[in-house]
Amino acid sequence: MDTTGNYGWWLPVQASSYAQTIDTGINVIQFAMLLMFVLWGIFFTWCLFRFRARTARRAVYKEPAHWKSWIPDGLVLAFEILLIALYGIPVWSRIMQTLPNEKDANVVRVVAEQFAWNVHYPGPDGQFGNTELSLISKSNRLGLDRTDPKGKDDIVLWNQMFLPLGKPTILHLTSKDVIHSFFVPAFRMKQDMVPGLVIQRWVEPTRVGKYEIGCAQLCGLGHYKMRGDVFVQTQEEFDRWLVEKSREQREEREE
Amino acid sequence: MSDRTNPETTRVAPPVEVHEVEEHKLGFIRRWIFSLDHKVIGLQYMFTALFFLFAGFCMILIMRWQLAFPGKVIPLIGRWLPEAMASGGILLPEGYNMLGAMHGTIMVFLGIVPLGVGFYGNYIVPLQIGARDMAFPRWNMLSYWIYFVGGVLMLSSFLLPGGPAQSGWTSYPPLSIIATSGQTVWLVAMIFIITSSLLGSINFITTILNLRAAGLTLMRMPIFVWTQFVTAVLLLLAFPPLEIAAIFQLMDRLAGTSFYLPAGLIISDQILEVSGGGLAILWQHLFWFLAHPEVYVLLLPAMGIVCEIIANGTRKPLFGYKELVGSFIFLGVMSFLVWAHHMFLTGMKPALSNFFLITTLIISIPSVMILTCLLWSLKGGSIRFTVPMMFSLAFLPLFGIGGLTGLPLGVHVTDIYLHDTYYVIGHFHYVVVTGSLIALMGGIYFWFPKMFGKMMNSTWGKVHFWLTLIGMNGVFFPMFIQGLAGVQRRLYDPTVQVHNVMVQPLNVVSTVSSWILLLAQIPFILNFFISLFWGKKAKENPWEATTLEWACPSPPPHGNFAKDPVVYRGPYEYSVPGHKTDWFPQNEPDAESST
């Protein structure tokens with residue numbers, strides 16, 4: 001699947017429920033910055049031209065304090081207060097400080113390691129199987145306890161993630177070794193994955209397709225090639241995939 | 001502090017007995033190497049820091065080649081790189097990470113800070129306050145040599161079999177703790193550099209508070225001295241946490257402690273045997289508690305230089321002296337309350353982020369005020385477009401870009417997307433390179449006649465200026481677009497990830513511009529040395545300036561002032577109505593007034 005069309009010379013395609021909100025913020029702030037820069041620039045250029053040194057003229061000794069000199073400060077302050085009150089705090093609260101109810105959401109564990117993502121689904125029973133540090137090996141990268149009945153239907157993927165469209169997914173993010181950062185540009189989602197901490201974030205995909213996951217925190221020599229793919233499917237496709245994949249992996253394990 | 005006019009009552013300290021050694025009695029070593037003279041120490045800082053800036057720049061040139069032309073043989077020097085870094089002339093990921101970590105470290109800690117504080121602070125501050133030397137000349141010398149050892153250690157880590165540190169200039173654990181031995185050397189070198197800065201900062205604070213000339217009240221100090229004062233306070237308060245943090249990390253690496261390591265780390269499928277209980281993001285808190293004030297350490301001296309040169313080049317007093325001083329102090333205080341805006345996505349309690357959002361946006365206000373005062377200072381001036389003035393004028397819009405682009409990064413919501421992308425790289429390079437560095441370059445042109453008694457050639461200065469301007473913008477502006485497209489920082493090969501491919505041509509633009517920037521430095525280096533030896537002799541006060549450093553010979557002799565200067569007025573008395581010239585030096589007595 002060619003996905004290069006999703007990315008370009010500005011923000012990528014919007015594929016999550018909060019992507020548009022974040023883009024609005026970025027675009028509004030950048031427009032305000034540009035406006036400020038242009039206004040400053042006009043004043044600056046005018047001064048350089050108007051007040052260039054000429055022989056017959058001395059500089060004005062004391063430019064009296066003038067209320068106009070507070071215009072830029074006031075404008076920026078007003079803009080920032082609005083930005084904090086109307087945008088920053090409320091949107092942050094919605095994206096970062098609240099989690100959807102686990103019952104109405106799809107739950108996925110993501111465990112990063114140098115240089116890949118292990119994606120762990122609880123399977124059709126909705127319960128994660130136990131994992132043990134001592135069981136971790138090349139073939140069992142999460143240390144899944146195969147004797148645990150809850151884990152029999154679990155799905156473990158390598159650098160791939162499947163998500164249902166239009167339903168929030170709660171991600172439990174952690175790392176085995178160093179700090180990584182889970183970055184899906186099309187979702188406008190990024191979260192550091194810190195060993196020793198399990199961080200919960202949510203995302204609700206709003207567009208079917210394949211999107212790139214990239215690591216955004218220097219994690220070693222393979223940082224640049226630490227990538228994966230998110231596949232967003234309709235709910236039916238996702239449910240079908242979940243059952244099939246679960247059975248397939250169970251059969252593989254039992255062989 | 002009231003603006004008292006009687007110089008006799010405002011003498012802040014008795015004249016200090018400066019080691020009154022006749023210059024000709026000192027041998028070469030005591031005069032030029034282990035010197036106690038603040039000016040010689042300043043020059044030592046300058047040459048060392050310029051060397052490190054050049055070294056750090058060369059490192060990024062190699063990295064930029066790899067970014068623009070991934071996997072291609074590096075021309076000219078590729079074959080000469082050590083095997084740990086490159087294979088067959090092609091940079092390896094190891095080499096890229098080493099150069100990346102060393103570029104950041106060298107530019108910040110061994111380049112810009114020693115240039116802005118070590119050089120400008122040491123050379124100019126005592127002259128501008130009319131002192132004969134720094135308060136503690138021996139500490140001053142010690143501070144330079146500790147810095148020197150730290151720098152040599154840092155560079156020597158390239159000779160280690162595993163190469164130097166490769167975990168970024170931020171050295172986040174656990175990565176930095178499991179890294180090769182270069183990281184140990186990095187930490188030890190950092191401890192030297194920090195110690196050097198601490199000694200320096202105490203010296204600056206004492207000097208500025210105690211050794212000012214008679215009549216030089218705090219509110220008559222040049223803004224440059226104010227910025228150095230605030231900088232010294234920042235260094236003094238911000239560096240100790242990093243020193244401790246570095247020692248903790250060293251212990252984690254060498255002594256088996258686990259300040260930053262939680263239990264249960266699995267490195268390459270093996271359980272790492274540590275006692276655990278540590279917290280990986282503790283380092284980030286300690287590091288950024290230093291590193292955010294550090295941004296202002298990089299910036300304030302440069303802003304001070306811009307203030308001096310703009311007042312001089314516009315031939316009028318700076319607009320809003322008190323507002324400027326207040327803004328600098330406010331910046332300094334606030335810079336201790338914003339550190340976690342580097343950590344919005346580290347898993348820190350999200351509600352805390354709101355606090356840091358608010359403090360971060362508050363700290364933008366004094367920066368806007370400073371910029372506004374400087375812009376307003378142009379109004380009504382009689383602007384002389386000298387080379388130092390051109391650099392200072394360029395600082396205004398370019399620092400404006402750097403400051404403004406901090407806004408979408410400081411707002412935590414938009415930072416979710418922009419964090420750790422090239423947008424961040426573009427932002428802080430606009431602040432530190434087209435901001436600080438360009439001002440520091442201008443300062444060299446401005447004070448060159450003071451240091452060496454010669455003028456630099458202004459035509460070649462202008463060539464240097466314009467090429468540098470084009471080069472810098474060409475390197476850094478494309479990074480904003482890359483950042484918006486989602487390109488992450490610190491990628492050895494940016495073409496591996498699909499979302500970065502479309503904007504890859506911008507990497508070529510940046511790299512080609514970096515070559516222009518390299519070429520642009522040739523006229524500067526030649527101009528510097530040719531002027532040093534064969535330059536036109538400078539007049540005593542070539543810029544017709546008002547501050548005290550121009551009240552002594554150029555270059556100033558050991559002890560600076562033959563007679564302690566007395567200050568009668570504020571620092572920027574240009575174009576005073578009724579005065580015969582359009583500058584009225586601080587130390588020139590009033591003709592009619594008797595007190």
# chains A, B, ... in the order shown; residues from 1 in each chain; ligands from 1
call {"tool": "select_by_dssp", "arguments": {"residues": "range 92-128 of chain A", "states": "alpha helix (DSSP H)", "output": "JSON, numbers by chain"}}
result
{"A": [92, 93, 94, 95, 96]}
call {"tool": "residues_around", "arguments": {"residues": "range 575-581 of chain B", "least_positions_apart": "6", "cutoff": "9 Å", "atoms": "only C-alpha atoms", "output": "mmCIF file with C-alpha atoms, in the first residue's frame"}}
result
data_model
loop_
_atom_site.group_PDB
_atom_site.id
_atom_site.type_symbol
_atom_site.label_atom_id
_atom_site.label_comp_id
_atom_site.auth_asym_id
_atom_site.auth_seq_id
_atom_site.Cartn_x
_atom_site.Cartn_y
_atom_site.Cartn_z
ATOM 1 C CA ARG A 58 21.198 64.494 15.038
ATOM 2 C CA ALA A 59 19.328 61.709 16.744
ATOM 3 C CA VAL A 60 16.455 62.559 19.060
ATOM 4 C CA TYR A 61 17.909 62.559 22.570
ATOM 5 C CA LYS A 62 15.029 61.179 24.585
ATOM 6 C CA ARG B 315 23.322 57.588 18.514
ATOM 7 C CA LYS B 316 20.605 57.859 21.103
ATOM 8 C CA PRO B 317 19.887 56.451 24.561
#
call {"tool": "closest_atom_pairs", "arguments": {"of": "chain A", "to": "chain B", "cutoff": "6 Å", "atoms": "only C-alpha atoms", "output": "JSON lines"}}
result
{"residue": "A:Tyr7", "atom": "CA", "partner": "B:His499", "partner_atom": "CA", "distance": 5.5}
{"residue": "A:Gly8", "atom": "CA", "partner": "B:Met502", "partner_atom": "CA", "distance": 5.6}
{"residue": "A:Trp9", "atom": "CA", "partner": "B:Ala485", "partner_atom": "CA", "distance": 5.8}
{"residue": "A:Trp10", "atom": "CA", "partner": "B:Ala485", "partner_atom": "CA", "distance": 5.0}
{"residue": "A:Leu11", "atom": "CA", "partner": "B:Ala485", "partner_atom": "CA", "distance": 5.0}
{"residue": "A:Ile22", "atom": "CA", "partner": "B:Thr414", "partner_atom": "CA", "distance": 5.7}
{"residue": "A:Ile26", "atom": "CA", "partner": "B:Thr414", "partner_atom": "CA", "distance": 5.9}
{"residue": "A:Met33", "atom": "CA", "partner": "B:Leu404", "partner_atom": "CA", "distance": 5.8}
{"residue": "A:Cys47", "atom": "CA", "partner": "B:Lys379", "partner_atom": "CA", "distance": 5.7}
{"residue": "A:Phe51", "atom": "CA", "partner": "B:Ser382", "partner_atom": "CA", "distance": 5.3}
{"residue": "A:Arg52", "atom": "CA", "partner": "B:Ile383", "partner_atom": "CA", "distance": 4.5}
{"residue": "A:Ala53", "atom": "CA", "partner": "B:Ser382", "partner_atom": "CA", "distance": 4.3}
{"residue": "A:Ala59", "atom": "CA", "partner": "B:Gly381", "partner_atom": "CA", "distance": 4.4}
{"residue": "A:Val60", "atom": "CA", "partner": "B:Gly380", "partner_atom": "CA", "distance": 5.2}
{"residue": "A:Tyr61", "atom": "CA", "partner": "B:Ser575", "partner_atom": "CA", "distance": 5.3}
{"residue": "A:Asp73", "atom": "CA", "partner": "B:Val368", "partner_atom": "CA", "distance": 5.9}
{"residue": "A:Trp92", "atom": "CA", "partner": "B:Val413", "partner_atom": "CA", "distance": 5.7}
{"residue": "A:Ser137", "atom": "CA", "partner": "B:Asp269", "partner_atom": "CA", "distance": 6.0}
{"residue": "A:Lys176", "atom": "CA", "partner": "B:Ile266", "partner_atom": "CA", "distance": 5.3}
{"residue": "A:Asp177", "atom": "CA", "partner": "B:Leu265", "partner_atom": "CA", "distance": 5.2}
{"residue": "A:Val178", "atom": "CA", "partner": "B:Pro174", "partner_atom": "CA", "distance": 5.2}
{"residue": "A:Arg188", "atom": "CA", "partner": "B:Tyr417", "partner_atom": "CA", "distance": 5.2}
{"residue": "A:Lys190", "atom": "CA", "partner": "B:Ile416", "partner_atom": "CA", "distance": 5.8}
{"residue": "A:Gln191", "atom": "CA", "partner": "B:Leu345", "partner_atom": "CA", "distance": 5.4}
{"residue": "A:Asp192", "atom": "CA", "partner": "B:Thr346", "partner_atom": "CA", "distance": 5.1}
{"residue": "A:Gly196", "atom": "CA", "partner": "B:Pro262", "partner_atom": "CA", "distance": 5.4}
{"residue": "A:Ala216", "atom": "CA", "partner": "B:Gln488", "partner_atom": "CA", "distance": 5.6}
{"residue": "A:Leu221", "atom": "CA", "partner": "B:Pro93", "partner_atom": "CA", "distance": 5.5}
{"residue": "A:Tyr224", "atom": "CA", "partner": "B:Leu491", "partner_atom": "CA", "distance": 4.6}
call {"tool": "select_by_dssp", "arguments": {"residues": "range 21-252 of chain A", "states": "strand (DSSP E or B)", "output": "PyMOL selection string"}}
result
chain A and resi 52+106-113+116-121+131+144+155-158+160-164+169-175+180-184+189-193+199-203+205+209-215+227-233
call {"tool": "atom_distance", "arguments": {"atom1": "CA of Gly151 in chain B", "atom2": "CA of Phe52 in chain B"}}
result
8.3 Å
call {"tool": "residues_around", "arguments": {"residues": "Phe162 in chain A", "least_positions_apart": "4", "cutoff": "8 Å", "atoms": "only C-alpha atoms", "output": "number ranges by chain"}}
result
A: 230-233, 238
call {"tool": "residues_around", "arguments": {"residues": "Pro82 in chain B", "least_positions_apart": "4", "cutoff": "12 Å", "atoms": "only C-alpha atoms", "output": "ChimeraX atom specification"}}
result
/B:77-78,86-92,94-95,98,158-164
call {"tool": "write_last_selection", "arguments": {"atoms": "N, CA and C atoms", "output": "mmCIF file, in the first residue's frame"}}
result
data_model
loop_
_atom_site.group_PDB
_atom_site.id
_atom_site.type_symbol
_atom_site.label_atom_id
_atom_site.label_comp_id
_atom_site.auth_asym_id
_atom_site.auth_seq_id
_atom_site.Cartn_x
_atom_site.Cartn_y
_atom_site.Cartn_z
ATOM 1 N N ILE B 77 36.998 14.125 3.385
ATOM 2 C CA ILE B 77 37.489 13.631 4.670
ATOM 3 C C ILE B 77 36.956 12.259 5.037
ATOM 4 N N GLY B 78 36.003 11.756 4.235
ATOM 5 C CA GLY B 78 35.338 10.508 4.600
ATOM 6 C C GLY B 78 36.309 9.392 4.957
ATOM 7 N N ALA B 86 33.018 5.690 10.783
ATOM 8 C CA ALA B 86 32.667 5.585 9.374
ATOM 9 C C ALA B 86 33.286 4.329 8.806
ATOM 10 N N SER B 87 32.634 3.801 7.795
ATOM 11 C CA SER B 87 33.174 2.613 7.157
ATOM 12 C C SER B 87 33.249 2.900 5.667
ATOM 13 N N GLY B 88 34.456 2.818 5.112
ATOM 14 C CA GLY B 88 34.639 3.093 3.691
ATOM 15 C C GLY B 88 34.215 4.509 3.320
ATOM 16 N N GLY B 89 34.358 5.433 4.257
ATOM 17 C CA GLY B 89 34.006 6.814 3.953
ATOM 18 C C GLY B 89 32.534 7.121 4.123
ATOM 19 N N ILE B 90 31.752 6.106 4.519
ATOM 20 C CA ILE B 90 30.323 6.343 4.751
ATOM 21 C C ILE B 90 30.096 6.399 6.253
ATOM 22 N N LEU B 91 29.402 7.431 6.684
ATOM 23 C CA LEU B 91 29.160 7.592 8.119
ATOM 24 C C LEU B 91 28.295 6.443 8.637
ATOM 25 N N LEU B 92 28.657 5.906 9.810
ATOM 26 C CA LEU B 92 27.858 4.854 10.437
ATOM 27 C C LEU B 92 26.879 5.490 11.435
ATOM 28 N N GLU B 94 26.713 4.850 14.452
ATOM 29 C CA GLU B 94 27.539 5.159 15.627
ATOM 30 C C GLU B 94 28.156 6.546 15.457
ATOM 31 N N GLY B 95 28.756 6.755 14.282
ATOM 32 C CA GLY B 95 29.416 8.028 14.020
ATOM 33 C C GLY B 95 28.430 9.181 14.074
ATOM 34 N N MET B 98 27.556 9.894 17.690
ATOM 35 C CA MET B 98 28.681 10.521 18.387
ATOM 36 C C MET B 98 28.775 11.989 18.012
ATOM 37 N N PHE B 158 37.188 11.266 21.562
ATOM 38 C CA PHE B 158 37.167 10.747 20.192
ATOM 39 C C PHE B 158 38.231 9.667 19.992
ATOM 40 N N LEU B 159 39.234 9.660 20.880
ATOM 41 C CA LEU B 159 40.328 8.701 20.711
ATOM 42 C C LEU B 159 40.008 7.354 21.360
ATOM 43 N N LEU B 160 38.940 7.299 22.173
ATOM 44 C CA LEU B 160 38.593 6.033 22.806
ATOM 45 C C LEU B 160 38.225 5.008 21.740
ATOM 46 N N PRO B 161 38.481 3.718 22.038
ATOM 47 C CA PRO B 161 38.121 2.707 21.036
ATOM 48 C C PRO B 161 36.634 2.735 20.690
ATOM 49 N N GLY B 162 35.779 2.980 21.676
ATOM 50 C CA GLY B 162 34.339 3.020 21.392
ATOM 51 C C GLY B 162 33.853 4.394 20.988
ATOM 52 N N GLY B 163 34.780 5.352 20.869
ATOM 53 C CA GLY B 163 34.374 6.698 20.481
ATOM 54 C C GLY B 163 33.774 7.467 21.640
ATOM 55 N N PRO B 164 33.385 8.712 21.377
ATOM 56 C CA PRO B 164 32.839 9.568 22.441
ATOM 57 C C PRO B 164 31.395 9.209 22.776
#
call {"tool": "residues_around", "arguments": {"residues": "Asp148 in chain A", "least_positions_apart": "2", "cutoff": "10 Å", "atoms": "only C-alpha atoms", "output": "NGL selection string"}}
result
:A and (128-131 or 144-146 or 150-152)
call {"tool": "closest_residue", "arguments": {"among": "A:Val184, A:Leu163, A:Leu173, A:Leu218", "to": "Gln235 in chain A", "atoms": "only C-alpha atoms"}}
result
A:Leu163
call {"tool": "closest_residue", "arguments": {"among": "A:Pro185, A:Gly228, A:Gly209, A:Pro195", "to": "Ala19 in chain A", "atoms": "only C-alpha atoms"}}
result
A:Pro185
call {"tool": "residues_around", "arguments": {"residues": "Glu294 in chain B", "least_positions_apart": "2", "cutoff": "10 Å", "atoms": "only C-alpha atoms", "output": "PDB file with C-alpha atoms, in the first residue's frame"}}
result
ATOM      1  CA  VAL B 108      26.559  24.886  24.109  1.00  0.00           C
ATOM      2  CA  PHE B 109      29.052  24.225  26.884  1.00  0.00           C
ATOM      3  CA  VAL B 113      28.824  29.959  26.937  1.00  0.00           C
ATOM      4  CA  THR B 231      23.719  35.335  33.748  1.00  0.00           C
ATOM      5  CA  LEU B 234      21.654  31.840  36.720  1.00  0.00           C
ATOM      6  CA  LEU B 235      24.867  29.850  36.407  1.00  0.00           C
ATOM      7  CA  ALA B 238      21.308  26.264  37.939  1.00  0.00           C
ATOM      8  CA  PHE B 239      24.565  24.396  37.567  1.00  0.00           C
ATOM      9  CA  TRP B 288      16.346  20.704  32.342  1.00  0.00           C
ATOM     10  CA  PHE B 289      16.406  22.547  35.632  1.00  0.00           C
ATOM     11  CA  LEU B 290      19.850  23.587  34.479  1.00  0.00           C
ATOM     12  CA  ALA B 291      19.323  23.512  30.760  1.00  0.00           C
ATOM     13  CA  HIS B 292      16.449  25.913  30.594  1.00  0.00           C
ATOM     14  CA  TYR B 296      19.196  32.358  28.918  1.00  0.00           C
ATOM     15  CA  VAL B 297      22.873  31.998  29.752  1.00  0.00           C
ATOM     16  CA  LEU B 298      23.396  31.560  26.017  1.00  0.00           C
ATOM     17  CA  LEU B 299      21.137  34.444  25.188  1.00  0.00           C
ATOM     18  CA  LEU B 300      21.523  37.200  27.782  1.00  0.00           C
ATOM     19  CA  SER B 335      13.742  30.769  33.765  1.00  0.00           C
ATOM     20  CA  PHE B 336      13.800  28.579  36.874  1.00  0.00           C
TER      21      PHE B 336
END
call {"tool": "atom_distance", "arguments": {"atom1": "CA of Ile193 in chain B", "atom2": "CA of Tyr147 in chain B"}}
result
5.0 Å
